[in-house]
file coords35.txt (compact mmCIF, C-alpha atoms)
# COMPACT_ATOMS: atom_id res chain seq x y z
CA MET A 1 22.73 -0.75 -5.11
CA GLU A 2 25.74 1.01 -6.62
CA ILE A 3 26.00 4.80 -6.85
CA SER A 4 29.06 6.69 -8.03
CA SER A 5 31.02 8.82 -5.58
CA LYS A 6 30.48 11.80 -7.87
CA LYS A 7 26.70 11.41 -7.68
CA LEU A 8 26.85 11.07 -3.91
CA LEU A 9 28.97 14.20 -3.69
CA ASN A 10 26.71 16.21 -5.99
CA GLU A 11 23.57 15.23 -4.09
CA LEU A 12 25.05 15.88 -0.64
CA SER A 13 26.36 19.31 -1.64
CA SER A 14 23.12 20.43 -3.33
CA ASN A 15 20.52 22.52 -1.55
CA GLY A 16 17.36 20.87 -0.26
CA ILE A 17 16.27 17.24 -0.23
CA SER A 18 15.04 15.82 -3.53
CA ARG A 19 11.79 13.86 -3.59
CA SER A 20 13.32 11.35 -5.98
CA LEU A 21 16.04 10.51 -3.42
CA LEU A 22 13.49 9.92 -0.67
CA SER A 23 11.27 7.89 -3.00
CA LEU A 24 14.14 5.62 -4.04
CA ALA A 25 15.28 5.13 -0.44
CA ASP A 26 11.73 4.34 0.66
CA LEU A 27 11.25 1.87 -2.19
CA ILE A 28 14.45 0.00 -1.32
CA ARG A 29 13.59 0.07 2.37
CA LYS A 30 10.17 -1.51 1.75
CA GLN A 31 11.64 -4.13 -0.59
CA LYS A 32 14.55 -5.10 1.66
CA VAL A 33 13.40 -4.61 5.28
CA GLY A 34 9.69 -3.97 5.01
CA ASN A 35 7.47 -1.28 6.43
CA TYR A 36 8.49 -1.91 10.03
CA VAL A 37 10.04 0.46 12.56
CA TYR A 38 11.59 -1.45 15.46
CA PHE A 39 11.79 -0.11 19.01
CA ARG A 40 14.72 -0.26 21.44
CA GLY A 41 14.03 0.84 25.01
CA LEU A 42 17.07 2.96 25.88
CA ILE A 43 18.56 3.06 29.38
CA GLU A 44 21.46 5.46 29.95
CA ILE A 45 23.21 3.72 32.82
CA SER A 46 25.82 6.38 33.60
CA ASN A 47 26.98 9.76 32.34
CA VAL A 48 30.45 9.29 33.85
CA CYS A 49 33.03 9.25 31.05
CA GLN A 50 36.80 8.97 31.06
CA LYS A 51 37.17 10.24 27.50
CA ASN A 52 37.54 13.89 26.61
CA CYS A 53 36.10 14.24 23.11
CA TYR A 54 36.03 17.90 22.08
CA TYR A 55 32.38 17.83 20.89
CA CYS A 56 30.69 15.89 23.72
CA GLY A 57 28.94 17.37 26.74
CA LEU A 58 29.83 14.30 28.83
CA ARG A 59 33.59 14.80 28.37
CA LYS A 60 35.48 14.26 31.60
CA ASP A 61 36.74 17.87 31.78
CA ASN A 62 33.21 19.30 31.73
CA LYS A 63 32.81 20.24 35.40
CA ASN A 64 29.27 21.59 34.87
CA VAL A 65 27.78 18.09 34.49
CA LYS A 66 26.11 16.48 37.48
CA ARG A 67 27.40 12.91 37.27
CA TYR A 68 25.26 9.88 38.04
CA THR A 69 25.39 6.09 37.84
CA LEU A 70 22.24 4.01 38.18
CA THR A 71 22.32 1.06 40.56
CA GLU A 72 22.05 -2.51 39.32
CA GLU A 73 18.57 -2.72 40.80
CA GLU A 74 17.45 0.46 39.06
CA VAL A 75 18.66 -0.72 35.64
CA VAL A 76 17.11 -4.19 35.96
CA GLU A 77 13.84 -2.71 37.23
CA LEU A 78 13.72 -0.33 34.25
CA ALA A 79 14.49 -3.15 31.84
CA LEU A 80 11.65 -5.25 33.23
CA LEU A 81 9.29 -2.28 33.06
CA ILE A 82 10.17 -1.84 29.37
CA TYR A 83 9.77 -5.55 28.67
CA LYS A 84 6.42 -5.81 30.44
CA LYS A 85 5.29 -2.75 28.51
CA GLY A 86 5.75 -4.83 25.37
CA ILE A 87 9.07 -3.53 24.03
CA ARG A 88 11.20 -6.66 23.66
CA SER A 89 14.49 -5.04 22.68
CA LEU A 90 16.74 -2.89 24.86
CA ALA A 91 19.68 -0.57 24.32
CA LEU A 92 22.04 -0.11 27.28
CA GLN A 93 24.40 2.84 27.09
CA SER A 94 26.91 4.68 29.22
CA GLY A 95 29.90 6.94 29.06
CA GLU A 96 33.19 5.13 28.63
CA ILE A 97 34.32 3.86 32.03
CA LYS A 98 37.48 1.75 32.07
CA ASN A 99 36.95 0.23 35.46
CA GLU A 100 36.75 -3.47 36.28
CA ALA A 101 34.18 -2.94 39.04
CA PHE A 102 31.88 -1.10 36.63
CA PHE A 103 32.39 -3.75 33.97
CA GLU A 104 31.51 -6.55 36.39
CA LYS A 105 28.42 -4.57 37.32
CA LEU A 106 27.43 -4.44 33.63
CA LEU A 107 27.80 -8.20 33.36
CA ARG A 108 25.58 -8.77 36.40
CA ILE A 109 22.95 -6.38 35.01
CA ILE A 110 22.88 -8.07 31.61
CA ARG A 111 22.71 -11.59 33.03
CA LYS A 112 19.90 -10.58 35.37
CA ILE A 113 17.93 -8.90 32.58
CA LYS A 114 18.21 -11.98 30.37
CA GLU A 115 17.24 -14.28 33.24
CA GLU A 116 14.23 -12.25 34.37
CA THR A 117 12.87 -11.48 30.89
CA LYS A 118 13.05 -15.18 29.99
CA LYS A 119 10.92 -15.89 33.05
CA ILE A 120 8.34 -13.43 31.71
CA ASP A 121 8.34 -15.25 28.37
CA ILE A 122 7.71 -18.57 30.11
CA GLN A 123 4.86 -17.06 32.14
CA ASN A 124 3.34 -15.81 28.87
CA GLY A 125 3.67 -19.24 27.24
CA GLU A 126 6.30 -17.99 24.80
CA GLU A 127 9.71 -19.22 23.70
CA PRO A 128 12.13 -18.06 26.47
CA LYS A 129 14.31 -15.74 24.39
CA GLY A 130 14.35 -12.86 26.82
CA ALA A 131 15.19 -9.31 25.82
CA GLY A 132 17.25 -8.50 22.77
CA ILE A 133 20.12 -6.31 23.99
CA THR A 134 22.26 -3.69 22.26
CA GLY A 135 25.31 -2.47 24.17
CA SER A 136 27.09 0.85 23.73
CA PHE A 137 29.85 1.29 26.29
CA GLY A 138 32.67 2.61 24.11
CA GLU A 139 36.10 1.14 23.49
CA LEU A 140 36.86 -1.96 25.55
CA GLU A 141 39.38 -4.78 25.34
CA LYS A 142 38.52 -7.82 23.24
CA GLU A 143 38.04 -10.05 26.27
CA HIS A 144 35.51 -7.56 27.65
CA TYR A 145 33.51 -7.66 24.43
CA GLU A 146 33.63 -11.46 24.56
CA GLU A 147 32.28 -11.51 28.11
CA LEU A 148 29.47 -9.10 27.27
CA PHE A 149 28.55 -11.28 24.29
CA LYS A 150 28.42 -14.41 26.45
CA ALA A 151 26.31 -12.56 29.03
CA GLY A 152 23.64 -11.73 26.44
CA VAL A 153 24.58 -8.59 24.49
CA HIS A 154 24.28 -9.55 20.81
CA ARG A 155 24.34 -6.11 19.17
CA TYR A 156 26.97 -3.45 19.81
CA LEU A 157 27.10 0.16 18.65
CA LEU A 158 30.49 1.88 18.46
CA ARG A 159 30.47 5.01 16.35
CA ILE A 160 33.56 5.76 14.30
CA GLU A 161 32.41 9.45 14.39
CA THR A 162 34.30 10.07 11.12
CA SER A 163 36.22 7.85 8.74
CA ASN A 164 38.67 10.70 8.09
CA ARG A 165 41.65 10.06 10.35
CA GLU A 166 42.77 13.71 10.28
CA LEU A 167 39.32 14.99 11.24
CA TYR A 168 39.08 12.33 13.95
CA GLU A 169 42.32 13.64 15.44
CA LYS A 170 40.98 17.22 15.38
CA LEU A 171 37.86 16.12 17.27
CA HIS A 172 39.76 14.20 19.98
CA PRO A 173 42.75 14.75 22.29
CA SER A 174 46.03 13.04 21.44
CA ASP A 175 45.38 10.14 23.82
CA HIS A 176 42.42 9.02 21.67
CA SER A 177 43.28 6.55 18.92
CA PHE A 178 41.63 6.18 15.53
CA GLU A 179 43.43 2.83 15.17
CA LYS A 180 41.98 1.57 18.46
CA ARG A 181 38.48 2.48 17.31
CA LEU A 182 38.94 0.50 14.10
CA LYS A 183 40.44 -2.41 16.02
CA CYS A 184 37.44 -2.51 18.35
CA LEU A 185 35.04 -2.65 15.40
CA LYS A 186 37.02 -5.56 13.94
CA TRP A 187 36.96 -7.38 17.27
CA LEU A 188 33.20 -6.97 17.52
CA LYS A 189 32.76 -8.51 14.09
CA GLU A 190 35.15 -11.38 14.89
CA ILE A 191 33.29 -12.21 18.11
CA GLY A 192 29.96 -12.47 16.31
CA TYR A 193 28.14 -9.27 17.24
CA GLN A 194 25.67 -7.52 15.05
CA VAL A 195 27.95 -4.52 14.57
CA GLY A 196 26.79 -0.92 14.46
CA THR A 197 28.69 2.27 13.83
CA GLY A 198 28.01 5.80 12.66
CA VAL A 199 29.26 9.33 12.24
CA ILE A 200 28.54 12.87 13.35
CA ILE A 201 26.96 14.71 10.43
CA GLY A 202 27.73 18.37 9.83
CA ILE A 203 30.31 18.91 12.56
CA PRO A 204 32.61 21.90 11.85
CA GLY A 205 35.65 20.87 9.83
CA GLN A 206 33.84 18.09 7.97
CA THR A 207 33.61 18.18 4.16
CA TYR A 208 31.14 16.65 1.73
CA GLU A 209 33.95 14.34 0.61
CA ASP A 210 34.25 13.14 4.21
CA LEU A 211 30.56 12.20 4.23
CA VAL A 212 30.88 10.31 0.95
CA ASN A 213 33.83 8.40 2.38
CA ASP A 214 31.83 7.68 5.54
CA LEU A 215 29.16 5.99 3.43
CA LEU A 216 31.82 4.01 1.57
CA PHE A 217 33.36 3.02 4.91
CA PHE A 218 30.01 1.59 6.06
CA LYS A 219 29.77 -0.43 2.88
CA ASP A 220 33.40 -1.59 2.79
CA PHE A 221 33.33 -2.61 6.47
CA ASP A 222 30.09 -4.48 5.78
CA ILE A 223 28.34 -2.94 8.77
CA ASP A 224 25.02 -4.30 10.10
CA MET A 225 23.60 -1.23 11.86
CA ILE A 226 23.97 2.51 11.37
CA GLY A 227 23.54 4.94 14.26
CA MET A 228 24.47 8.38 12.97
CA GLY A 229 23.03 11.79 13.66
CA PRO A 230 23.42 15.52 13.15
CA TYR A 231 25.90 17.60 15.08
CA ILE A 232 24.14 19.62 17.77
CA GLU A 233 26.35 21.69 20.01
CA HIS A 234 26.98 21.53 23.71
CA ARG A 235 28.19 24.92 24.88
CA ASP A 236 30.57 23.49 27.47
CA THR A 237 32.86 21.97 24.82
CA PRO A 238 35.91 23.15 22.88
CA ILE A 239 34.20 22.64 19.50
CA PHE A 240 31.50 25.15 20.41
CA ARG A 241 34.04 27.67 21.66
CA TRP A 242 36.15 27.30 18.53
CA TYR A 243 33.27 27.50 16.05
CA GLU A 244 30.57 29.47 17.87
CA ASP A 245 30.08 31.97 15.02
CA LEU A 246 29.58 29.17 12.50
CA ILE A 247 27.30 27.09 14.71
CA THR A 248 25.02 29.96 15.68
CA TYR A 249 24.42 31.37 12.21
CA ASN A 250 20.80 31.11 11.04
CA GLY A 251 21.20 28.43 8.38
CA PHE A 252 23.40 25.99 10.31
CA TYR A 253 20.70 23.69 11.73
CA LYS A 254 18.77 23.56 8.45
CA LYS A 255 21.87 22.47 6.57
CA VAL A 256 22.87 19.87 9.15
CA PHE A 257 19.33 18.46 9.17
CA GLU A 258 19.19 18.19 5.38
CA LEU A 259 22.57 16.46 5.32
CA SER A 260 21.40 13.99 7.96
CA ILE A 261 18.30 13.03 5.97
CA LYS A 262 20.38 12.61 2.82
CA MET A 263 22.91 10.45 4.65
CA ILE A 264 20.12 8.17 5.95
CA ALA A 265 18.68 7.90 2.43
CA PHE A 266 22.01 7.08 0.82
CA ALA A 267 22.87 4.60 3.56
CA ARG A 268 19.58 2.81 2.83
CA ILE A 269 20.18 2.85 -0.92
CA LEU A 270 23.79 1.66 -0.69
CA LEU A 271 23.46 -0.86 2.15
CA GLU A 272 19.87 -1.95 1.54
CA ASP A 273 19.15 -4.41 4.39
CA VAL A 274 20.98 -2.88 7.36
CA ASN A 275 19.20 -1.36 10.36
CA ILE A 276 19.29 2.45 10.48
CA VAL A 277 18.32 4.49 13.52
CA ALA A 278 16.24 7.65 13.43
CA SER A 279 18.38 9.08 16.21
CA THR A 280 17.26 11.20 19.12
CA ALA A 281 19.67 13.85 17.85
CA LEU A 282 17.86 13.89 14.50
CA GLN A 283 14.59 14.43 16.35
CA SER A 284 16.18 17.22 18.41
CA VAL A 285 17.43 19.54 15.64
CA PRO A 286 15.95 22.99 16.42
CA GLY A 287 13.11 24.01 14.11
CA CYS A 288 12.61 20.55 12.54
CA GLU A 289 9.33 19.30 13.95
CA ASN A 290 8.79 16.51 11.39
CA ALA A 291 12.25 15.02 11.84
CA LEU A 292 11.08 11.59 13.01
CA GLU A 293 8.73 11.14 10.08
CA LEU A 294 11.25 12.38 7.51
CA GLY A 295 14.01 10.20 8.92
CA ILE A 296 11.79 7.14 8.59
CA LYS A 297 10.71 8.16 5.10
CA ALA A 298 14.41 8.41 4.21
CA GLY A 299 14.98 4.80 5.29
CA ALA A 300 15.42 4.64 9.07
CA ASN A 301 13.78 1.56 10.61
CA VAL A 302 14.78 1.76 14.31
CA VAL A 303 13.87 4.22 17.06
CA MET A 304 15.08 4.34 20.67
CA PRO A 305 12.70 5.95 23.17
CA VAL A 306 14.51 6.90 26.38
CA PHE A 307 13.47 5.25 29.65
CA THR A 308 16.23 6.68 31.86
CA PRO A 309 14.61 8.23 34.97
CA TYR A 310 14.13 11.97 34.50
CA SER A 311 16.36 12.85 37.46
CA ALA A 312 19.24 11.17 35.63
CA ARG A 313 18.09 11.74 32.05
CA LYS A 314 18.35 15.51 32.33
CA ASN A 315 22.07 15.07 33.04
CA TYR A 316 22.79 12.75 30.09
CA ARG A 317 23.47 15.63 27.72
CA ILE A 318 25.90 14.81 24.93
CA TYR A 319 24.34 17.82 23.17
CA GLU A 320 21.81 20.48 24.13
CA GLY A 321 18.05 20.53 23.60
CA LYS A 322 17.59 16.75 23.61
CA LYS A 323 14.00 15.73 22.93
CA ASN A 324 12.46 12.64 24.49
CA LEU A 325 9.29 11.41 22.83
CA THR A 326 7.46 8.61 24.61
CA PRO A 327 7.09 5.28 22.77
CA GLU A 328 3.37 5.97 22.49
CA GLU A 329 4.03 9.35 20.83
CA MET A 330 6.55 7.75 18.48
CA SER A 331 4.13 4.96 17.56
CA GLN A 332 1.35 7.40 16.81
CA ARG A 333 3.56 9.49 14.53
CA ILE A 334 5.04 6.43 12.81
CA LYS A 335 1.55 5.09 12.05
CA LYS A 336 0.42 8.48 10.79
CA ALA A 337 3.41 8.52 8.42
CA GLY A 338 2.28 5.18 6.99
CA TYR A 339 4.67 2.75 8.69
CA GLU A 340 4.23 -0.02 11.26
CA PRO A 341 5.72 0.46 14.75
CA VAL A 342 6.97 -2.87 16.14
CA TRP A 343 7.50 -3.29 19.86
CA ASP A 344 7.32 -7.05 20.33
CA ARG A 345 10.21 -8.28 18.19
CA TRP A 346 13.98 -8.00 18.47
CA GLY A 347 14.14 -6.58 14.96
CA ASP A 348 17.70 -7.74 14.26
CA PRO A 349 19.29 -6.51 11.00
CA LEU A 350 18.77 -8.95 8.15
CA HIS A 351 22.16 -7.91 6.82
CA PHE A 352 23.86 -9.67 9.72
CA PHE A 353 22.46 -13.02 8.65
CA LYS A 354 23.43 -12.44 5.04
CA ARG A 355 26.90 -11.36 6.12
CA ASN A 356 27.34 -14.55 8.06
CA LYS A 357 26.31 -16.55 5.00
CA MET A 358 23.39 -18.28 6.61
CA SER A 359 21.53 -20.65 4.30
CA ASN A 360 18.65 -19.38 2.23
CA SER A 361 16.30 -21.67 4.14
CA PHE A 362 17.42 -20.19 7.45
CA LEU A 363 16.91 -16.68 6.11
CA CYS A 364 13.43 -17.59 4.94
CA ASN A 365 12.59 -19.03 8.34
CA PHE A 366 14.02 -15.95 10.06
CA VAL A 367 12.02 -13.58 7.90
CA ASN A 368 8.85 -15.58 8.49
CA PHE A 369 9.51 -15.71 12.23
CA SER A 370 10.25 -11.96 12.32
CA SER A 371 6.99 -11.28 10.54
CA MET A 372 4.93 -12.99 13.21
CA LYS A 373 3.58 -11.10 16.20
CA ASN A 374 4.17 -12.59 19.61
CA SER A 375 0.96 -13.91 21.10
call {"tool": "encode", "arguments": {"input": "coords35.txt", "output": "structure tokens"}}
result
Amino acid sequence: MEISSKKLLNELSSNGISRSLLSLADLIRKQKVGNYVYFRGLIEISNVCQKNCYYCGLRKDNKNVKRYTLTEEEVVELALLIYKKGIRSLALQSGEIKNEAFFEKLLRIIRKIKEETKKIDIQNGEEPKGAGITGSFGELEKEHYEELFKAGVHRYLLRIETSNRELYEKLHPSDHSFEKRLKCLKWLKEIGYQVGTGVIIGIPGQTYEDLVNDLLFFKDFDIDMIGMGPYIEHRDTPIFRWYEDLITYNGFYKKVFELSIKMIAFARILLEDVNIVASTALQSVPGCENALELGIKAGANVVMPVFTPYSARKNYRIYEGKKNLTPEEMSQRIKKAGYEPVWDRWGDPLHFFKRNKMSNSFLCNFVNFSSMKNS
């Protein structure tokens, strides 16, 4: 659906969230991707990071973080626990670690997860597809992305953070490259991934025009998945120190939350059949208890409950005050809001298949297959 930049700008800069916007987004969502909310079991493999982004609590110069890296056995065991629980799609995430030993470890983990989850399918008398896997390990070289794809990762999330090059440079040290981020996204598309990206919403220095351009970037790049969320501070970062007075004023969280809901709604309206995540950050905005429900009402159709062990999870703090609802809690709230939680399907974005110009008959078969519950 087409919307003028002026209308986007006016709506984003207005106070409150209009019912008509949510109603339109919900209508398009139900027409294009149905009433489903797909689950991804999230495992945060490591909080070690070699990047130094000014807004992130995992930045390498933050000496107050207790670093951890899960073993191969721990990650595979968690993945199998998630799969046996009935959640058939995983998201594997870590800080950015440019280290061949760590990369080889990732490959072994992914191959093992695919192998073992296929065995479970066979035992259950099902087609041996194994787990659907989303990767999010930051900027890598093209050959690394190719190897991950061959190992079994078929979706990849790499957030652009902002489509404004100048703002990007203000949020990152000089050794971070906006061009490299764009190049990585292009590589992912060339390799054949279902490609996801996203932005930080409401971070100091961002304008409404930036957010409009972010939406246009998603559309122009023909993205398959959107993983964006509100800015929530981490106190051990330069951004918080530079903008503490702004971040701690009473209306900051309310404004950031409203902007996030509007961005989800407009992403659904503009991009129609992509997957959109109701992020953990959205659910963690202080004072917004109905965030999950409102995010889904605005058009989000993916959630990612965290399965990282608590001893490690408490140290994976990109921002402060992170909430961790269980999949059961999420399902209950999703049902109460009038939507259908889906654990037992991969829930791949339909936009990916359209983007790759699959035949209409294939799309019909895919939709029919996706609509069936696993026995």
call {"tool": "atom_distance", "arguments": {"input": "coords35.txt", "atom1": "CA of Lys105 (chain A)", "atom2": "CA of Gly86 (chain A)"}}
result
25.6 Å
call {"tool": "residues_around", "arguments": {"input": "coords35.txt", "residues": "Thr134 (chain A)", "least_positions_apart": "6", "cutoff": "6 Å", "atoms": "only C-alpha atoms", "output": "PyMOL selection string"}}
result
chain A and resi 91+153+155-156
call {"tool": "closest_residue", "arguments": {"input": "coords35.txt", "among": "A:Leu80, A:Ala151, A:Val342, A:Ala298", "to": "Leu27 (chain A)", "atoms": "all atoms listed in the file"}}
result
A:Ala298
call {"tool": "closest_residue", "arguments": {"input": "coords35.txt", "among": "A:Cys49, A:Ala101, A:Leu42, A:Leu282", "to": "Leu78 (chain A)", "atoms": "only C-alpha atoms"}}
result
A:Leu42
call {"tool": "closest_residue", "arguments": {"input": "coords35.txt", "among": "A:Leu188, A:Ile318, A:Cys288, A:Ala265", "to": "Ile17 (chain A)", "atoms": "all atoms listed in the file"}}
result
A:Ala265
